[in-house]
Amino acid sequence: MKLLVANRGEIAIRIMRTCRELGISTVAVYSEADQNALHTTYADEAVCIGAAKASESYLNISRILKAAQEIGANAIHPGYGFLSENPQFGQAAEDAGLIFIGPRPETMAILGDKLSARKAAREAGLLVLPGPDQPLEDNQAEIIIDEPLSFPVLVKAAAGGGGKGIRLARSGNELNEVVGLAREEAKAAFGDGTIYLEPLVQKARHIEVQILGDGKGKIICFGERECSIQRRHQKLIEEAPAPSLSPSERVCITEAARELGRKLFYRSLGTVEFLMDENSQFYFIEVYPRIQVEHPVTEMVTGFDLVREQILLAVTGNLDLEQSQIHFRGAAIEARILAEDPDENFLPTSGEISYLKEPGGPGIRVDSALYQGMAVTADYDSLISKLIAWGRDRQTAIDRLQRGLSEYQIGGLKTDLVFLKQILESHPYQIGEITTTFLDDFTPDDQGPAESVTRDAAIAAALHIHRKRNQPVSSPDEAGNLWQQTAWKEQISSGN
Amino acid sequence: MANYRVTIANRTYDVSIEDDQLVVNGDHISYDMDSLNDNGLHILRQPNRNTEAYLEPNRQGVYDIQIEGNHLSAEVLSGFQSSSKKARQDTGSIHSPMPGLIVDIMVKIGDRVKKGQTLLIQEAMKMQMKLRAPSSGVVKSILIAPGSQVEKGVLLVSLAPTG
């Protein structure tokens, strides 16, 4: 058994870790920008599939399949993002005789088009957000919609995912202004500029349900996650279980997800996403037909390795699990470490990882592809690491995650580490009062760092600059080279 | 004797260093620091307390410091530096806020622009950003072409104040 992972970054390594445990050999594919990436060395074999631009590498179906065939892989795991929701990829992989670890291509086609997904959900009896079920016409300067719109609305990519290509419009004027940008973003991110409108649910909570289906109508549910903390419609902090759900609401939402899965004869892992409004009414939004970024919180509270179950199901065709075997224990929270600057409106940052110290200890899990010396570029997504904490209750999980974030040190580029800590520290988060607009008016209860800490930092900075000035050599670069040369000479002489 | 004035989180520390003597805001303290590697990792030692600090030089005289879970920015002024060092408050120029691709330029040299008007569109990580005029003025120069890839902090457009 040889499995090719058609992805990069932390998720590629995450999948390969399970493969290693299962004794499955792994193949990494990588772009020219990723020739030193961690997933290429973690895998048993690695194949370069093209240039840095995703369309020439990670989004290039024929190059990936060619790599799979040449190296003799018999299964493909798409991860998340890139080709993971592309039915043509699944189809082409199966046509080439490979096991595709994901849903059937026809299911992906239904769910990939967010408009047909809404229809499928409605047919399965789920409540769907109202809104025109047809896309906005292409190349239209002025938007003409037959029915009156109640603002605010969201402009979303029909081929969307990961929060990309979503824009908010509060008025007709704003709508006309954002439509072009949303279409451009959709085209850039998904190769399809089709967009549609959806009403904005105010004070909404984002709740999603993890399912695993055998493709024959059996659906196992691994509970729900709450992912209300979002910036730019992208999740930032996720947790399981959802703190806001009552037991009866939990039954309702998980059963709705299972019902949709049954109707679709869903195969493999999938996430059914809902918005819950102030009155605890939940509306279907979409299904992600793949492993999710935030899957570790589910693994932490259920004890299951979702990737393992997904692979075993794909290989054997059988799902040897019963719903009664799924038990929940404690609470888990994930924080996404991003190469973004929260002080500058979450603009992407780049640089070389000059220093790295990962957290550890009880209840901590790090899913990352970082290493010291790694170049973080603007070529791909800004997610560089995930920190997950488990505790026997939500408060313990929060405390552990805060500790882990404090221990985590990443040098060389700005990240959102401090911002994540400020969210966790805030009173509304602590008591579970979280909605999708939480970050829009979030101001950290910032007492600032302790005086002893700024004092230590001041001394360190002064000493550092003082010593640099008083070094015999003129520049730090020369000092480095000199030191290296000396060390090298010493090594040579001690070796003799 | 060398004197440094360090500002961190709106707190000011006057640090004097002479041989092994260290004076902070008038207090003599016993303090030592070792560099643990070439990458900026240091350990600070004072009586009964060891602290790890990761120091990363930012621009001239500014350090990013990670210490005890805090990420701080420290500005160091010293006798060697002129005290006239002032933050550049140039409202007439637009720098790239991130590395990325300049997708579109909406203005040409000589255009009169209003504060907040979109001048350029930049794209990075599949996200498009409008770069707006920080003040009203006339477009004096455009230093990049659409389709160019720029680093962070590159001067893109400069404006002259309206007469």
# chains A, B, ... in the order shown; residues from 1 in each chain; ligands from 1
call {"tool": "interface_residues", "arguments": {"of": "chain B", "to": "chain A", "cutoff": "7 Å", "atoms": "only C-alpha atoms", "output": "PyMOL selection string"}}
result
chain B and resi 4+6+8+13+15+39+63+65+68-71+74+76+98-100+124-128
call {"tool": "residues_around", "arguments": {"residues": "range 37-39 of chain A", "least_positions_apart": "3", "cutoff": "9 Å", "atoms": "only C-alpha atoms", "output": "PyMOL selection string"}}
result
chain A and resi 7-10+12-13+16+28-30+33-34+42-43+46+369-371+374-375
call {"tool": "residues_around", "arguments": {"residues": "range 147-159 of chain B", "least_positions_apart": "2", "cutoff": "9 Å", "atoms": "only C-alpha atoms", "output": "VMD selection string"}}
result
(chain A and resid 349 to 350) or (chain B and resid 91 to 104 113 119 to 120 133 135 to 145 161 to 162)
call {"tool": "atom_distance", "arguments": {"atom1": "CA of Val297 in chain A", "atom2": "CA of Phe222 in chain A"}}
result
10.6 Å
call {"tool": "select_by_dssp", "arguments": {"residues": "range 75-219 of chain A", "states": "strand (DSSP E)", "output": "PyMOL selection string"}}
result
chain A and resi 75-77+99-100+153-157+167-169+195-199+205-214+219
call {"tool": "select_by_dssp", "arguments": {"residues": "range 87-243 of chain A", "states": "alpha helix (DSSP H)", "output": "VMD selection string"}}
result
chain A and resid 87 to 95 105 to 112 114 to 123 172 to 190
call {"tool": "write_last_selection", "arguments": {"atoms": "N, CA and C atoms", "output": "CSV table (one decimal), in the first residue's frame"}}
result
chain,number,residue,atom,x,y,z
A,87,PRO,N,-14.5,17.6,-7.9
A,87,PRO,CA,-15.0,16.3,-8.4
A,87,PRO,C,-14.2,15.7,-9.5
A,88,GLN,N,-13.6,16.6,-10.4
A,88,GLN,CA,-12.9,16.1,-11.5
A,88,GLN,C,-11.6,15.4,-11.1
A,89,PHE,N,-11.1,15.9,-10.0
A,89,PHE,CA,-9.9,15.2,-9.4
A,89,PHE,C,-10.2,13.8,-8.9
A,90,GLY,N,-11.3,13.7,-8.1
A,90,GLY,CA,-11.7,12.4,-7.6
A,90,GLY,C,-12.0,11.5,-8.7
A,91,GLN,N,-12.7,12.0,-9.7
A,91,GLN,CA,-13.1,11.1,-10.9
A,91,GLN,C,-11.8,10.7,-11.6
A,92,ALA,N,-10.9,11.6,-11.9
A,92,ALA,CA,-9.7,11.3,-12.6
A,92,ALA,C,-8.8,10.2,-11.9
A,93,ALA,N,-8.8,10.4,-10.5
A,93,ALA,CA,-8.0,9.5,-9.7
A,93,ALA,C,-8.6,8.1,-9.8
A,94,GLU,N,-10.0,8.0,-9.7
A,94,GLU,CA,-10.6,6.7,-9.7
A,94,GLU,C,-10.5,6.1,-11.1
A,95,ASP,N,-10.6,6.9,-12.1
A,95,ASP,CA,-10.5,6.4,-13.5
A,95,ASP,C,-9.1,5.8,-13.7
A,105,PRO,N,-17.2,11.2,-6.6
A,105,PRO,CA,-17.1,12.5,-7.4
A,105,PRO,C,-18.5,13.1,-7.6
A,106,GLU,N,-19.6,12.3,-7.8
A,106,GLU,CA,-20.9,12.9,-8.0
A,106,GLU,C,-21.4,13.6,-6.7
A,107,THR,N,-21.1,13.1,-5.6
A,107,THR,CA,-21.5,13.8,-4.3
A,107,THR,C,-20.7,15.1,-4.2
A,108,MET,N,-19.4,15.1,-4.6
A,108,MET,CA,-18.7,16.3,-4.5
A,108,MET,C,-19.2,17.3,-5.5
A,109,ALA,N,-19.7,16.9,-6.6
A,109,ALA,CA,-20.2,17.8,-7.6
A,109,ALA,C,-21.4,18.5,-7.0
A,110,ILE,N,-22.3,17.7,-6.4
A,110,ILE,CA,-23.5,18.3,-5.8
A,110,ILE,C,-23.2,19.3,-4.7
A,111,LEU,N,-22.2,18.9,-3.8
A,111,LEU,CA,-21.9,19.7,-2.7
A,111,LEU,C,-21.0,20.9,-3.0
A,112,GLY,N,-20.2,20.7,-4.1
A,112,GLY,CA,-19.2,21.7,-4.5
A,112,GLY,C,-19.9,23.0,-5.0
A,114,LYS,N,-22.5,25.4,-4.3
A,114,LYS,CA,-23.2,25.7,-3.0
A,114,LYS,C,-24.7,25.8,-3.3
A,115,LEU,N,-25.0,26.1,-4.5
A,115,LEU,CA,-26.5,26.3,-4.8
A,115,LEU,C,-27.2,25.0,-4.9
A,116,SER,N,-26.5,24.0,-5.5
A,116,SER,CA,-27.2,22.7,-5.6
A,116,SER,C,-27.1,22.0,-4.2
A,117,ALA,N,-26.1,22.3,-3.4
A,117,ALA,CA,-26.0,21.8,-2.0
A,117,ALA,C,-27.2,22.2,-1.2
A,118,ARG,N,-27.5,23.5,-1.4
A,118,ARG,CA,-28.7,24.1,-0.6
A,118,ARG,C,-30.0,23.3,-1.0
A,119,LYS,N,-30.1,23.0,-2.3
A,119,LYS,CA,-31.2,22.3,-2.8
A,119,LYS,C,-31.3,20.9,-2.2
A,120,ALA,N,-30.1,20.2,-2.2
A,120,ALA,CA,-30.1,18.8,-1.6
A,120,ALA,C,-30.5,18.9,-0.1
A,121,ALA,N,-30.0,19.9,0.6
A,121,ALA,CA,-30.3,20.0,2.0
A,121,ALA,C,-31.8,20.2,2.2
A,122,ARG,N,-32.4,21.1,1.4
A,122,ARG,CA,-33.8,21.3,1.5
A,122,ARG,C,-34.6,20.1,1.3
A,123,GLU,N,-34.1,19.3,0.3
A,123,GLU,CA,-34.8,18.0,0.0
A,123,GLU,C,-34.7,17.0,1.1
A,172,GLY,N,-27.4,48.5,-1.5
A,172,GLY,CA,-27.3,48.2,-2.9
A,172,GLY,C,-26.0,48.8,-3.5
A,173,ASN,N,-25.7,50.0,-3.0
A,173,ASN,CA,-24.4,50.6,-3.5
A,173,ASN,C,-23.2,49.7,-3.2
A,174,GLU,N,-23.2,49.3,-1.9
A,174,GLU,CA,-22.1,48.4,-1.5
A,174,GLU,C,-22.0,47.1,-2.2
A,175,LEU,N,-23.2,46.6,-2.5
A,175,LEU,CA,-23.3,45.4,-3.3
A,175,LEU,C,-22.6,45.5,-4.6
A,176,ASN,N,-23.0,46.6,-5.3
A,176,ASN,CA,-22.4,46.8,-6.6
A,176,ASN,C,-20.9,47.0,-6.5
A,177,GLU,N,-20.4,47.6,-5.4
A,177,GLU,CA,-19.0,47.8,-5.2
A,177,GLU,C,-18.2,46.5,-5.0
A,178,VAL,N,-18.8,45.6,-4.2
A,178,VAL,CA,-18.1,44.4,-3.8
A,178,VAL,C,-18.2,43.2,-4.8
A,179,VAL,N,-19.2,43.3,-5.6
A,179,VAL,CA,-19.5,42.1,-6.5
A,179,VAL,C,-18.3,41.8,-7.4
A,180,GLY,N,-17.6,42.8,-7.9
A,180,GLY,CA,-16.5,42.6,-8.8
A,180,GLY,C,-15.3,42.0,-8.0
A,181,LEU,N,-15.0,42.5,-6.8
A,181,LEU,CA,-13.9,41.9,-6.0
A,181,LEU,C,-14.2,40.5,-5.6
A,182,ALA,N,-15.5,40.2,-5.2
A,182,ALA,CA,-15.8,38.9,-4.8
A,182,ALA,C,-15.7,37.9,-6.0
A,183,ARG,N,-16.1,38.4,-7.2
A,183,ARG,CA,-16.0,37.5,-8.3
A,183,ARG,C,-14.5,37.2,-8.7
A,184,GLU,N,-13.7,38.3,-8.6
A,184,GLU,CA,-12.2,38.2,-8.9
A,184,GLU,C,-11.6,37.2,-7.9
A,185,GLU,N,-12.0,37.3,-6.6
A,185,GLU,CA,-11.4,36.5,-5.6
A,185,GLU,C,-11.8,35.0,-5.8
A,186,ALA,N,-13.1,34.8,-6.2
A,186,ALA,CA,-13.6,33.5,-6.4
A,186,ALA,C,-12.9,32.9,-7.6
A,187,LYS,N,-12.7,33.7,-8.6
A,187,LYS,CA,-12.0,33.2,-9.8
A,187,LYS,C,-10.6,32.8,-9.4
A,188,ALA,N,-9.9,33.6,-8.7
A,188,ALA,CA,-8.5,33.4,-8.3
A,188,ALA,C,-8.4,32.1,-7.4
A,189,ALA,N,-9.3,32.0,-6.5
A,189,ALA,CA,-9.2,30.9,-5.5
A,189,ALA,C,-9.7,29.6,-6.0
A,190,PHE,N,-10.8,29.6,-6.8
A,190,PHE,CA,-11.5,28.4,-7.2
A,190,PHE,C,-11.5,28.2,-8.7
call {"tool": "atom_distance", "arguments": {"atom1": "CA of Leu200 in chain A", "atom2": "CA of Lys156 in chain A"}}
result
11.0 Å
